[in-house]
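Below is the file run31.cif, which contains mmCIF, C-alpha atoms and all ligand atoms.
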```cif
data_protein
#
loop_
_atom_site.label_atom_id
_atom_site.label_comp_id
_atom_site.auth_asym_id
_atom_site.auth_seq_id
_atom_site.Cartn_x
_atom_site.Cartn_y
_atom_site.Cartn_z
CA MET A 1 24.36 143.02 -20.31
CA HIS A 2 24.14 144.25 -23.84
CA ARG A 3 25.06 147.80 -24.63
CA LEU A 4 23.00 149.56 -27.21
CA THR A 5 24.17 151.28 -30.32
CA ARG A 6 23.43 154.89 -29.64
CA ALA A 7 23.18 155.91 -33.20
CA ALA A 8 21.68 159.33 -33.08
CA ARG A 9 21.97 161.55 -30.09
CA ILE A 10 20.27 164.86 -30.51
CA ARG A 11 22.15 167.91 -29.43
CA TRP A 12 20.60 171.06 -28.20
CA ALA A 13 22.23 173.64 -30.35
CA SER A 14 21.28 176.55 -32.47
CA THR A 15 22.14 175.90 -36.06
CA ALA A 16 20.60 176.64 -39.37
CA THR A 17 18.93 174.44 -41.93
CA SER A 18 21.26 173.58 -44.70
CA THR A 19 21.13 171.45 -47.78
CA SER A 20 24.31 169.50 -47.32
CA THR A 21 24.42 166.00 -45.95
CA SER A 22 26.79 164.20 -43.69
CA ALA A 23 26.71 160.87 -45.41
CA SER A 24 30.30 160.21 -44.63
CA ALA A 25 29.66 160.18 -40.91
CA SER A 26 30.05 156.91 -39.15
CA ALA A 27 26.80 155.05 -38.70
CA HIS A 28 27.26 154.83 -34.95
CA THR A 29 28.75 158.22 -34.30
CA PRO A 30 26.53 161.20 -33.65
CA THR A 31 27.09 163.81 -36.30
CA PRO A 32 26.97 167.44 -35.26
CA PRO A 33 24.50 169.69 -37.04
CA SER A 34 25.72 171.73 -40.00
CA PRO A 35 27.41 175.04 -39.26
CA PRO A 36 25.13 178.05 -38.81
CA SER A 37 24.10 179.94 -41.87
CA LYS A 38 20.87 181.92 -42.12
CA SER A 39 18.39 181.32 -39.36
CA LYS A 40 19.55 180.70 -35.83
CA SER A 41 17.28 178.28 -34.16
CA ARG A 42 16.44 175.52 -36.59
CA TRP A 43 18.71 172.56 -36.43
CA LEU A 44 19.00 168.86 -36.77
CA GLY A 45 19.12 168.76 -40.51
CA PHE A 46 21.56 165.98 -40.87
CA LEU A 47 22.24 163.79 -37.94
CA VAL A 48 22.61 160.27 -39.11
CA VAL A 49 19.91 157.93 -37.98
CA GLY A 50 21.48 154.67 -37.01
CA ALA A 51 22.27 152.92 -40.19
CA THR A 52 22.53 149.52 -38.60
CA ALA A 53 21.44 147.84 -41.79
CA THR A 54 17.80 148.69 -41.46
CA ALA A 55 17.17 149.94 -44.94
CA ALA A 56 13.76 148.92 -46.20
CA GLY A 57 14.02 145.74 -48.16
CA ILE A 58 17.48 144.93 -46.99
CA TYR A 59 18.46 141.27 -47.22
CA VAL A 60 18.76 139.71 -43.83
CA ARG A 61 20.49 136.39 -43.65
CA GLN A 62 22.04 136.17 -40.20
CA SER A 63 20.69 133.34 -38.17
CA ASN A 64 21.22 132.99 -34.51
CA ASP A 65 20.47 130.99 -31.46
CA SER A 66 20.87 133.83 -28.99
CA ALA A 67 18.08 134.04 -26.42
CA THR A 68 18.73 137.76 -25.91
CA LEU A 69 17.61 140.51 -28.26
CA ASN A 70 20.71 142.00 -29.89
CA PRO A 71 21.41 144.26 -32.87
CA GLU A 72 23.71 141.86 -34.72
CA THR A 73 21.77 138.63 -35.06
CA PHE A 74 18.14 137.58 -35.16
CA THR A 75 16.54 136.27 -32.00
CA LYS A 76 13.50 133.97 -32.06
CA TYR A 77 10.27 135.14 -30.49
CA SER A 78 6.92 133.42 -30.69
CA LEU A 79 3.63 135.09 -31.46
CA VAL A 80 1.53 134.97 -28.29
CA SER A 81 -1.48 136.88 -29.62
CA ARG A 82 -2.71 139.15 -32.39
CA GLU A 83 -5.69 141.30 -31.45
CA PRO A 84 -7.41 143.47 -34.06
CA VAL A 85 -7.30 147.19 -33.22
CA SER A 86 -9.15 148.30 -36.34
CA ALA A 87 -10.00 146.85 -39.74
CA THR A 88 -6.42 147.42 -40.89
CA SER A 89 -4.26 147.05 -37.79
CA SER A 90 -3.57 144.69 -34.91
CA LEU A 91 -1.79 144.55 -31.60
CA PHE A 92 0.90 141.84 -31.56
CA THR A 93 2.34 140.29 -28.42
CA LEU A 94 5.58 138.32 -28.78
CA ARG A 95 7.56 136.36 -26.24
CA PRO A 96 11.22 135.30 -26.57
CA ARG A 97 11.33 131.65 -27.60
CA ARG A 98 13.94 131.03 -24.91
CA PHE A 99 14.10 132.87 -21.62
CA SER A 100 16.97 135.28 -21.04
CA GLU A 101 17.33 137.50 -17.99
CA SER A 102 19.36 139.95 -20.05
CA ASN A 103 16.36 140.98 -22.15
CA TYR A 104 15.11 143.10 -19.29
CA ASP A 105 18.32 145.16 -19.28
CA VAL A 106 18.33 145.47 -23.05
CA TYR A 107 14.78 146.83 -23.10
CA GLU A 108 15.32 149.08 -20.09
CA GLU A 109 18.30 150.77 -21.61
CA ALA A 110 16.42 151.37 -24.85
CA TRP A 111 13.41 152.82 -23.00
CA ALA A 112 15.67 155.10 -21.01
CA THR A 113 17.35 156.38 -24.17
CA GLY A 114 14.34 157.37 -26.25
CA VAL A 115 12.56 156.05 -29.32
CA TRP A 116 13.67 152.62 -30.53
CA SER A 117 12.72 149.93 -32.98
CA VAL A 118 13.46 146.34 -33.86
CA MET A 119 13.65 144.68 -37.24
CA PHE A 120 11.37 141.72 -38.04
CA LYS A 121 12.47 139.21 -40.62
CA GLN A 122 10.29 137.71 -43.32
CA PRO A 123 12.03 134.34 -43.64
CA GLN A 124 10.85 133.27 -47.09
CA LEU A 125 11.89 136.49 -48.78
CA GLN A 126 14.76 137.19 -46.37
CA ILE A 127 13.75 140.82 -45.99
CA GLY A 128 13.30 142.88 -42.86
CA ARG A 129 11.16 145.79 -41.71
CA ASP A 130 11.31 147.95 -38.61
CA TYR A 131 8.62 147.99 -35.93
CA THR A 132 8.23 149.94 -32.70
CA PRO A 133 7.68 148.18 -29.35
CA LEU A 134 4.89 149.70 -27.27
CA PRO A 135 5.56 150.70 -23.68
CA THR A 136 3.93 148.80 -20.87
CA THR A 137 1.14 150.85 -19.36
CA ALA A 138 -1.80 150.21 -17.10
CA ALA A 139 -3.84 149.33 -20.21
CA THR A 140 -1.27 146.99 -21.54
CA GLY A 141 -2.92 143.68 -20.85
CA LEU A 142 0.48 142.17 -20.11
CA THR A 143 0.84 140.34 -16.83
CA VAL A 144 3.88 140.68 -14.60
CA GLU A 145 4.89 137.19 -15.78
CA ASP A 146 4.66 138.32 -19.42
CA GLU A 147 6.90 141.25 -18.63
CA ASN A 148 9.37 139.14 -16.73
CA GLU A 149 9.49 136.76 -19.65
CA GLY A 150 10.48 139.60 -21.95
CA CYS A 151 7.25 139.97 -23.96
CA LEU A 152 7.07 142.85 -26.42
CA ARG A 153 3.97 144.36 -28.01
CA PHE A 154 3.58 146.06 -31.37
CA PHE A 155 0.88 148.01 -33.17
CA ILE A 156 1.14 146.98 -36.81
CA ARG A 157 -0.86 148.09 -39.81
CA LYS A 158 -1.51 145.55 -42.52
CA ASP A 159 -0.55 146.92 -45.90
CA PRO A 160 -2.59 144.82 -48.36
CA PHE A 161 0.36 144.87 -50.78
CA GLY A 162 3.14 144.94 -48.19
CA GLU A 163 5.37 141.90 -47.83
CA VAL A 164 6.24 141.87 -44.13
CA SER A 165 3.10 143.36 -42.58
CA ARG A 166 0.98 140.91 -44.61
CA TYR A 167 3.20 138.05 -43.52
CA LEU A 168 2.84 139.08 -39.86
CA HIS A 169 -0.93 139.24 -40.19
CA THR A 170 -1.15 135.74 -41.64
CA ILE A 171 1.18 133.64 -39.46
CA GLU A 172 -0.44 131.43 -36.83
CA VAL A 173 -0.41 132.25 -33.13
CA GLY A 174 2.49 130.24 -31.69
CA ALA A 175 4.63 130.68 -34.82
CA ASP A 176 8.21 131.93 -34.59
CA VAL A 177 9.09 135.51 -35.51
CA GLU A 178 12.71 136.55 -35.71
CA MET A 179 13.78 140.02 -34.74
CA ARG A 180 16.93 141.99 -34.05
CA GLY A 181 17.62 145.25 -32.29
CA PRO A 182 17.22 147.50 -30.46
CA LYS A 183 17.98 150.30 -32.84
CA ILE A 184 17.80 153.74 -31.29
CA GLU A 185 15.82 155.93 -33.67
CA CYS A 186 16.07 159.05 -31.57
CA ALA A 187 17.83 159.53 -28.26
CA ILE A 188 15.76 162.06 -26.35
CA PRO A 189 18.21 164.39 -24.60
CA LYS A 190 18.10 164.31 -20.82
CA GLU A 191 17.40 168.03 -20.64
CA THR A 192 14.23 167.80 -22.76
CA GLU A 193 11.32 169.45 -20.98
CA GLU A 194 8.68 169.51 -23.66
CA VAL A 195 7.86 167.37 -26.69
CA LEU A 196 5.37 168.03 -29.46
CA PHE A 197 4.82 164.71 -31.23
CA ILE A 198 3.14 164.82 -34.64
CA ALA A 199 2.02 161.30 -35.56
CA GLY A 200 0.29 159.84 -38.60
CA GLY A 201 -1.29 156.36 -38.37
CA THR A 202 1.03 153.81 -36.80
CA GLY A 203 3.41 156.71 -36.10
CA ILE A 204 1.55 156.75 -32.78
CA ALA A 205 3.69 153.83 -31.56
CA PRO A 206 6.86 155.96 -31.32
CA ALA A 207 4.75 158.72 -29.74
CA LEU A 208 3.79 156.35 -26.93
CA GLN A 209 7.44 155.41 -26.60
CA ALA A 210 8.56 159.04 -26.49
CA GLY A 211 5.94 159.82 -23.83
CA TYR A 212 6.98 156.89 -21.72
CA SER A 213 10.69 157.54 -22.12
CA LEU A 214 10.40 161.25 -21.35
CA LEU A 215 7.98 161.07 -18.43
CA SER A 216 9.44 158.04 -16.69
CA ARG A 217 12.57 160.13 -16.05
CA GLY A 218 10.62 162.11 -13.46
CA GLY A 219 10.29 165.91 -13.29
CA ARG A 220 7.47 167.89 -14.83
CA SER A 221 8.21 167.52 -18.52
CA LYS A 222 5.28 167.45 -20.93
CA ILE A 223 4.27 165.82 -24.17
CA HIS A 224 1.55 166.99 -26.53
CA ILE A 225 0.55 164.50 -29.22
CA LEU A 226 -1.21 165.37 -32.46
CA TRP A 227 -2.45 162.12 -34.05
CA ALA A 228 -3.86 161.99 -37.57
CA ASN A 229 -5.73 158.99 -38.93
CA ARG A 230 -7.67 158.18 -42.07
CA LEU A 231 -10.62 156.45 -40.41
CA LYS A 232 -12.58 156.89 -37.21
CA ASP A 233 -12.12 153.21 -36.56
CA ASP A 234 -8.35 153.75 -36.15
CA CYS A 235 -8.79 155.96 -33.09
CA ALA A 236 -12.26 155.02 -31.86
CA GLY A 237 -13.21 156.67 -28.58
CA GLY A 238 -10.39 159.20 -28.73
CA GLN A 239 -11.21 162.55 -27.16
CA SER A 240 -9.15 165.59 -28.01
CA ASP A 241 -7.85 167.65 -25.12
CA SER A 242 -7.77 170.96 -26.99
CA LEU A 243 -10.70 172.83 -28.38
CA LYS A 244 -10.48 173.12 -32.13
CA PRO A 245 -12.78 173.67 -35.06
CA SER A 246 -14.19 170.78 -37.06
CA PRO A 247 -15.53 171.76 -40.48
CA THR A 248 -18.32 169.24 -40.23
CA GLN A 249 -19.25 169.67 -36.61
CA GLY A 250 -18.27 173.13 -35.48
CA TRP A 251 -16.21 173.83 -32.38
CA LEU A 252 -15.95 170.56 -30.62
CA SER A 253 -13.43 168.83 -28.51
CA GLY A 254 -13.20 165.07 -28.86
CA TRP A 255 -15.62 164.31 -31.60
CA PHE A 256 -14.86 160.66 -32.05
CA GLY A 257 -17.67 159.48 -29.87
CA GLY A 258 -16.85 161.87 -27.03
CA LYS A 259 -18.95 165.01 -27.39
CA LYS A 260 -22.04 165.73 -29.43
CA GLU A 261 -22.20 169.48 -29.16
CA ALA A 262 -19.84 172.05 -27.78
CA GLY A 263 -19.90 171.75 -24.03
CA GLU A 264 -21.89 168.54 -23.96
CA VAL A 265 -19.72 165.70 -22.76
CA VAL A 266 -20.78 162.19 -23.57
CA PRO A 267 -18.70 159.71 -21.63
CA VAL A 268 -16.95 157.13 -23.78
CA ARG A 269 -17.32 153.55 -22.63
CA GLU A 270 -14.01 151.78 -22.14
CA GLU A 271 -15.02 149.00 -24.54
CA ASP A 272 -15.67 151.58 -27.28
CA ARG A 273 -12.11 152.82 -27.12
CA SER A 274 -9.55 151.36 -29.47
CA LEU A 275 -6.59 149.67 -27.82
CA ILE A 276 -4.26 152.49 -28.76
CA VAL A 277 -6.63 155.15 -27.42
CA ARG A 278 -6.68 153.17 -24.18
CA GLU A 279 -2.89 153.20 -24.16
CA LEU A 280 -2.91 156.97 -24.55
CA GLU A 281 -5.47 157.33 -21.77
CA ALA A 282 -3.33 155.09 -19.56
CA LEU A 283 -0.30 157.29 -20.17
CA LYS A 284 -2.38 160.33 -19.23
CA SER A 285 -3.56 158.68 -16.00
CA GLN A 286 -0.06 157.60 -15.14
CA TYR A 287 1.29 161.15 -15.61
CA PRO A 288 -1.60 163.50 -14.81
CA GLY A 289 -1.32 166.93 -16.39
CA GLN A 290 1.74 165.98 -18.41
CA VAL A 291 0.16 164.37 -21.49
CA THR A 292 -2.32 165.90 -23.94
CA VAL A 293 -3.61 164.36 -27.15
CA ASP A 294 -5.51 165.81 -30.08
CA TYR A 295 -7.06 163.61 -32.76
CA TYR A 296 -7.43 164.45 -36.45
CA LEU A 297 -9.39 162.48 -38.99
CA ASP A 298 -9.31 162.55 -42.79
CA GLU A 299 -12.83 161.15 -42.65
CA GLU A 300 -13.95 164.24 -40.71
CA ASN A 301 -11.92 166.65 -42.84
CA THR A 302 -9.71 167.58 -39.93
CA PHE A 303 -6.02 167.67 -40.71
CA ILE A 304 -2.88 168.63 -38.86
CA GLY A 305 -2.07 171.85 -40.64
CA LYS A 306 0.00 174.87 -39.86
CA GLU A 307 -2.61 176.27 -37.51
CA ALA A 308 -2.74 173.13 -35.39
CA VAL A 309 1.03 173.06 -35.06
CA ARG A 310 1.18 176.78 -34.34
CA ALA A 311 -1.53 176.48 -31.70
CA SER A 312 0.41 173.69 -29.99
CA ILE A 313 3.55 175.79 -30.01
CA ASP A 314 1.78 178.95 -28.87
CA SER A 315 0.24 177.21 -25.92
CA SER A 316 3.60 175.89 -24.86
CA SER A 317 5.35 177.28 -21.86
CA ASP A 318 8.66 179.05 -21.66
CA ARG A 319 10.41 175.74 -21.08
CA LYS A 320 13.87 175.72 -22.52
CA SER A 321 14.55 172.37 -24.15
CA LYS A 322 11.77 171.66 -26.62
CA LEU A 323 11.57 169.04 -29.28
CA ILE A 324 9.22 168.31 -32.17
CA LEU A 325 9.15 164.68 -33.32
CA VAL A 326 7.40 163.68 -36.53
CA SER A 327 6.48 160.08 -37.32
CA GLY A 328 4.28 158.45 -39.93
CA PRO A 329 4.15 157.54 -43.61
CA GLU A 330 6.72 159.12 -45.89
CA GLY A 331 4.28 161.64 -47.37
CA PHE A 332 3.17 162.70 -43.91
CA ILE A 333 6.73 163.34 -42.75
CA SER A 334 7.51 165.22 -45.97
CA TYR A 335 4.47 167.44 -45.57
CA MET A 336 5.32 168.24 -41.96
CA ALA A 337 9.09 168.57 -42.09
CA GLY A 338 10.40 167.70 -45.55
CA PRO A 339 11.57 164.27 -46.73
CA LYS A 340 14.31 162.21 -45.17
CA LEU A 341 17.14 161.32 -47.50
CA TRP A 342 19.11 158.24 -48.46
CA ALA A 343 22.76 158.73 -49.25
CA GLN A 344 25.56 156.18 -49.39
CA GLY A 345 23.40 153.52 -47.78
CA GLN A 346 22.42 155.68 -44.85
CA GLU A 347 19.20 157.35 -43.91
CA LEU A 348 19.65 161.04 -43.21
CA GLN A 349 17.32 163.61 -41.77
CA GLY A 350 17.51 165.85 -44.83
CA PRO A 351 16.85 169.57 -44.63
CA LEU A 352 13.99 170.85 -42.54
CA ASN A 353 11.13 171.80 -44.85
CA GLY A 354 7.35 171.49 -44.91
CA ILE A 355 5.01 173.36 -42.64
CA ILE A 356 7.36 173.24 -39.67
CA ARG A 357 9.95 175.17 -41.60
CA GLU A 358 7.33 177.65 -42.78
CA LEU A 359 6.36 178.28 -39.18
CA ASP A 360 9.97 179.22 -38.50
CA LEU A 361 9.80 178.01 -34.94
CA LYS A 362 12.43 179.30 -32.62
CA ASP A 363 13.90 177.20 -29.87
CA TRP A 364 12.42 173.90 -31.03
CA GLY A 365 14.51 171.00 -32.17
CA VAL A 366 12.99 168.87 -34.93
CA TRP A 367 13.52 165.18 -35.57
CA LYS A 368 11.95 163.05 -38.31
CA LEU A 369 11.40 159.41 -37.33
C1 LIG A 401 11.76 153.04 -37.46
C2 LIG A 401 10.46 152.50 -38.01
C3 LIG A 401 9.50 152.04 -37.14
C4 LIG A 401 8.30 151.52 -37.65
N1 LIG A 401 7.34 151.09 -36.77
C5 LIG A 401 6.17 150.59 -37.26
C6 LIG A 401 5.16 150.12 -36.36
O1 LIG A 401 5.31 150.11 -35.13
N2 LIG A 401 4.01 149.65 -36.92
C7 LIG A 401 3.79 149.62 -38.28
O2 LIG A 401 2.73 149.18 -38.71
N3 LIG A 401 4.75 150.06 -39.13
C8 LIG A 401 5.94 150.52 -38.68
N4 LIG A 401 6.90 150.92 -39.56
C9 LIG A 401 6.70 150.67 -41.01
C10 LIG A 401 7.19 149.25 -41.34
O3 LIG A 401 8.60 149.16 -41.14
C11 LIG A 401 6.93 148.83 -42.78
O4 LIG A 401 7.44 149.81 -43.65
C12 LIG A 401 5.46 148.61 -43.09
O5 LIG A 401 4.91 147.60 -42.24
C13 LIG A 401 5.28 148.16 -44.56
O6 LIG A 401 6.11 147.05 -44.79
P1 LIG A 401 5.65 145.87 -45.75
O7 LIG A 401 6.83 144.96 -45.94
O8 LIG A 401 4.38 145.25 -45.31
O9 LIG A 401 5.34 146.64 -47.08
P2 LIG A 401 6.30 146.78 -48.38
O10 LIG A 401 6.48 145.47 -49.03
O11 LIG A 401 7.51 147.53 -47.98
O12 LIG A 401 5.41 147.69 -49.28
C14 LIG A 401 4.93 148.96 -48.84
C15 LIG A 401 4.09 149.58 -49.92
O13 LIG A 401 4.92 149.90 -51.04
C16 LIG A 401 4.39 149.33 -52.20
N5 LIG A 401 5.53 148.91 -53.02
C17 LIG A 401 6.46 148.02 -52.69
N6 LIG A 401 7.35 147.87 -53.70
C18 LIG A 401 6.94 148.72 -54.67
C19 LIG A 401 7.44 149.05 -55.94
N7 LIG A 401 8.53 148.48 -56.43
N8 LIG A 401 6.77 149.97 -56.66
C20 LIG A 401 5.66 150.56 -56.17
N9 LIG A 401 5.14 150.30 -54.97
C21 LIG A 401 5.77 149.39 -54.24
C22 LIG A 401 3.56 148.16 -51.77
O14 LIG A 401 2.55 147.90 -52.69
C23 LIG A 401 3.02 148.62 -50.45
O15 LIG A 401 1.81 149.32 -50.60
C24 LIG A 401 8.08 151.46 -39.05
C25 LIG A 401 9.06 151.93 -39.92
C26 LIG A 401 10.24 152.44 -39.42
C27 LIG A 401 11.29 152.94 -40.39
#
```

Turn this file's structure into structure tokens for me.
Amino acid sequence: MHRLTRAARIRWASTATSTSTSASASAHTPTPPSPPSKSKSRWLGFLVVGATATAAGIYVRQSNDSATLNPETFTKYSLVSREPVSATSSLFTLRPRRFSESNYDVYEEAWATGVWSVMFKQPQLQIGRDYTPLPTTAATGLTVEDENEGCLRFFIRKDPFGEVSRYLHTIEVGADVEMRGPKIECAIPKETEEVLFIAGGTGIAPALQAGYSLLSRGGRSKIHILWANRLKDDCAGGQSDSLKPSPTQGWLSGWFGGKKEAGEVVPVREEDRSLIVRELEALKSQYPGQVTVDYYLDEENTFIGKEAVRASIDSSSDRKSKLILVSGPEGFISYMAGPKLWAQGQELQGPLNGIIRELDLKDWGVWKL
């Protein structure tokens, strides 16, 4: 059985935000937060995210005939299907080219640890990009056989100018795709009781992972997801669980096809829900009362601002171990929590900034994905 590289284990500690970096830390060794300075409860400025050669654009030349997913060499999968989720994104299902019983253990260990990714290779350009496997839920569409065969699914946005996402959207069903991993992006500590996940666009994939990883441990932990998208199409049929104001429609909850006026519920037909919304609904059904989701749309002039984050924090319980995870495009992460940094070939968390810092939240850990 393959053991994973546990690159970044979060520690529950009270430290301050600082501006130094820990670039000298080993890529595989958790780095403790910086020593306390001003404020007490903000932390996690500088843990090293696993630098297992996953820098964007990195050259990837290793070839491999391993049947088991592993972080060192590329393993061949074949594209089973590519279903459109919206005009700009699709759900990919991939199956290992050769069967290996060990894949099950590799995946299980990654799921148990937290948020993880794999790197896909673009063979002509010899470059790689990271993508986030989706958990298997009731809405998954995968059969037991698919699961036993080690299939993985991904939600991938096509960047019209992007090398790897364009490549993935143009290859034929049945074609080979090489990937390596898992890479642990964030080990969710065992003691975590509550997660606020702030996701932009395809940043929802790690949110689904975090939900699955956290809740499948048992107990009564909770996850609240704030998901921002540009277009309605990206989250069709999504209904927000919290009541919040919409500048165009007044106080509504779930305005993406869910409710017409405050208080008037219009049931959403299953077929009108995007695949990812169905995944979120499936997670909610699997863990009743433990998952809440709120949707935000640029198109509707609703954005995840300070108030939305504050409201999510305010409504949180007095649970002790609480974690905010932020995932999405660079600009989104910067706005929420300040930019991540590159130093000496490693990706670092960088200081906590953005609206989360302004909110000066006590007792919440913060991690940028
Ligand atoms: C841990 C992790 C998990 C991820 N999970 C997912 C996931 O599940 N789904 C998903 O869709 N994405 C995910 N991503 C993002 C993904 O890795 C890619 O970054 C994304 O698909 C774009 O890659 P690309 O090769 O298509 O685009 P790139 O070729 O990297 O280009 C991206 C953009 O930059 C522009 N650009 C490139 N070079 C230049 C330049 N020199 N000057 C100016 N502009 C330039 C391009 O025009 C394009 O618009 C994840 C990223 C990380 C780090």

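Shortest atom-to-atom contact with Glu271 (chain A) among A:Val85, A:Met179, A:Ile333, A:Leu231: A:Val85, counting all atoms listed in the file.
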
Within 6 Å of ligand LIG 401 (chain A): each chain A residue with its shortest pair, only C-alpha atoms and all ligand atoms, as JSON lines:
```
{"residue": "A:Ser117", "atom": "CA", "partner": "A:LIG401", "partner_atom": "C1", "distance": 5.5}
{"residue": "A:Arg129", "atom": "CA", "partner": "A:LIG401", "partner_atom": "O3", "distance": 4.3}
{"residue": "A:Asp130", "atom": "CA", "partner": "A:LIG401", "partner_atom": "O3", "distance": 3.9}
{"residue": "A:Tyr131", "atom": "CA", "partner": "A:LIG401", "partner_atom": "N1", "distance": 3.5}
{"residue": "A:Thr132", "atom": "CA", "partner": "A:LIG401", "partner_atom": "O1", "distance": 3.8}
{"residue": "A:Phe154", "atom": "CA", "partner": "A:LIG401", "partner_atom": "O1", "distance": 5.8}
{"residue": "A:Phe155", "atom": "CA", "partner": "A:LIG401", "partner_atom": "N2", "distance": 5.2}
{"residue": "A:Ile156", "atom": "CA", "partner": "A:LIG401", "partner_atom": "O2", "distance": 3.3}
{"residue": "A:Arg157", "atom": "CA", "partner": "A:LIG401", "partner_atom": "O2", "distance": 3.9}
{"residue": "A:Asp159", "atom": "CA", "partner": "A:LIG401", "partner_atom": "O8", "distance": 5.2}
{"residue": "A:Phe161", "atom": "CA", "partner": "A:LIG401", "partner_atom": "O14", "distance": 4.2}
{"residue": "A:Gly162", "atom": "CA", "partner": "A:LIG401", "partner_atom": "O9", "distance": 3.0}
{"residue": "A:Glu163", "atom": "CA", "partner": "A:LIG401", "partner_atom": "O7", "distance": 3.9}
{"residue": "A:Val164", "atom": "CA", "partner": "A:LIG401", "partner_atom": "O7", "distance": 3.6}
{"residue": "A:Ser165", "atom": "CA", "partner": "A:LIG401", "partner_atom": "O8", "distance": 3.6}
{"residue": "A:Arg166", "atom": "CA", "partner": "A:LIG401", "partner_atom": "O8", "distance": 5.6}
{"residue": "A:Thr202", "atom": "CA", "partner": "A:LIG401", "partner_atom": "N2", "distance": 5.1}
{"residue": "A:Ala205", "atom": "CA", "partner": "A:LIG401", "partner_atom": "O1", "distance": 5.4}
```

Those residues with C-alpha atoms, as a PDB file, in the coordinates of the input please?
```pdb
ATOM      1  CA  SER A 117      12.720 149.930 -32.980  1.00  0.00           C
ATOM      2  CA  ARG A 129      11.160 145.790 -41.710  1.00  0.00           C
ATOM      3  CA  ASP A 130      11.310 147.950 -38.610  1.00  0.00           C
ATOM      4  CA  TYR A 131       8.620 147.990 -35.930  1.00  0.00           C
ATOM      5  CA  THR A 132       8.230 149.940 -32.700  1.00  0.00           C
ATOM      6  CA  PHE A 154       3.580 146.060 -31.370  1.00  0.00           C
ATOM      7  CA  PHE A 155       0.880 148.010 -33.170  1.00  0.00           C
ATOM      8  CA  ILE A 156       1.140 146.980 -36.810  1.00  0.00           C
ATOM      9  CA  ARG A 157      -0.860 148.090 -39.810  1.00  0.00           C
ATOM     10  CA  ASP A 159      -0.550 146.920 -45.900  1.00  0.00           C
ATOM     11  CA  PHE A 161       0.360 144.870 -50.780  1.00  0.00           C
ATOM     12  CA  GLY A 162       3.140 144.940 -48.190  1.00  0.00           C
ATOM     13  CA  GLU A 163       5.370 141.900 -47.830  1.00  0.00           C
ATOM     14  CA  VAL A 164       6.240 141.870 -44.130  1.00  0.00           C
ATOM     15  CA  SER A 165       3.100 143.360 -42.580  1.00  0.00           C
ATOM     16  CA  ARG A 166       0.980 140.910 -44.610  1.00  0.00           C
ATOM     17  CA  THR A 202       1.030 153.810 -36.800  1.00  0.00           C
ATOM     18  CA  ALA A 205       3.690 153.830 -31.560  1.00  0.00           C
TER      19      ALA A 205
END
```

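For the pair CA of Leu280 (chain A) and CA of Ala311 (chain A), the interatomic distance is 20.8 Å.
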
Quiz item: From the set A:Asp233, A:Pro133, A:Pro123, A:Arg269, which residue has the shortest atom-to-atom contact distance to Ala87 (chain A), counting all atoms listed in the file?
Solution: A:Asp233

Long-range neighbours of region 306-310 of chain A as a CSV table (one decimal) with C-alpha atoms, in the coordinates of the input, 12 Å cut-off, all atoms listed in the file, 2 positions minimum in chain:
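Printed below is around_19.csv as written:
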```
chain,number,residue,atom,x,y,z
A,196,LEU,CA,5.4,168.0,-29.5
A,197,PHE,CA,4.8,164.7,-31.2
A,198,ILE,CA,3.1,164.8,-34.6
A,199,ALA,CA,2.0,161.3,-35.6
A,224,HIS,CA,1.6,167.0,-26.5
A,225,ILE,CA,0.6,164.5,-29.2
A,226,LEU,CA,-1.2,165.4,-32.5
A,227,TRP,CA,-2.4,162.1,-34.0
A,228,ALA,CA,-3.9,162.0,-37.6
A,242,SER,CA,-7.8,171.0,-27.0
A,243,LEU,CA,-10.7,172.8,-28.4
A,244,LYS,CA,-10.5,173.1,-32.1
A,245,PRO,CA,-12.8,173.7,-35.1
A,246,SER,CA,-14.2,170.8,-37.1
A,294,ASP,CA,-5.5,165.8,-30.1
A,295,TYR,CA,-7.1,163.6,-32.8
A,296,TYR,CA,-7.4,164.4,-36.4
A,302,THR,CA,-9.7,167.6,-39.9
A,303,PHE,CA,-6.0,167.7,-40.7
A,304,ILE,CA,-2.9,168.6,-38.9
A,312,SER,CA,0.4,173.7,-30.0
A,313,ILE,CA,3.6,175.8,-30.0
A,314,ASP,CA,1.8,179.0,-28.9
A,315,SER,CA,0.2,177.2,-25.9
A,316,SER,CA,3.6,175.9,-24.9
A,324,ILE,CA,9.2,168.3,-32.2
A,325,LEU,CA,9.2,164.7,-33.3
A,326,VAL,CA,7.4,163.7,-36.5
A,335,TYR,CA,4.5,167.4,-45.6
A,336,MET,CA,5.3,168.2,-42.0
A,337,ALA,CA,9.1,168.6,-42.1
A,354,GLY,CA,7.4,171.5,-44.9
A,355,ILE,CA,5.0,173.4,-42.6
A,356,ILE,CA,7.4,173.2,-39.7
A,357,ARG,CA,10.0,175.2,-41.6
A,358,GLU,CA,7.3,177.6,-42.8
A,359,LEU,CA,6.4,178.3,-39.2
A,360,ASP,CA,10.0,179.2,-38.5
A,361,LEU,CA,9.8,178.0,-34.9
A,362,LYS,CA,12.4,179.3,-32.6
```

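Taking only C-alpha atoms into account, Gly338 (chain A) lies nearest to A:Val366 out of the set A:Leu168, A:Leu323, A:Leu142, A:Val366.
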
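Here the residues that fall within 8 Å of (17.1, 164.0, -23.8), using all atoms listed in the file, are given as Ile10, Thr113, Gly114, Ala187, Ile188, Pro189, Lys190, Glu191, Thr192 and Leu214 of chain A.
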
Padded axis-aligned box of region 123-132 of chain A (8 Å per side), centre and edge lengths, Å, one decimal, as AutoDock Vina command-line options:
```
--center_x 11.5 --center_y 141.6 --center_z -40.7 --size_x 22.5 --size_y 32.7 --size_z 32.1
```
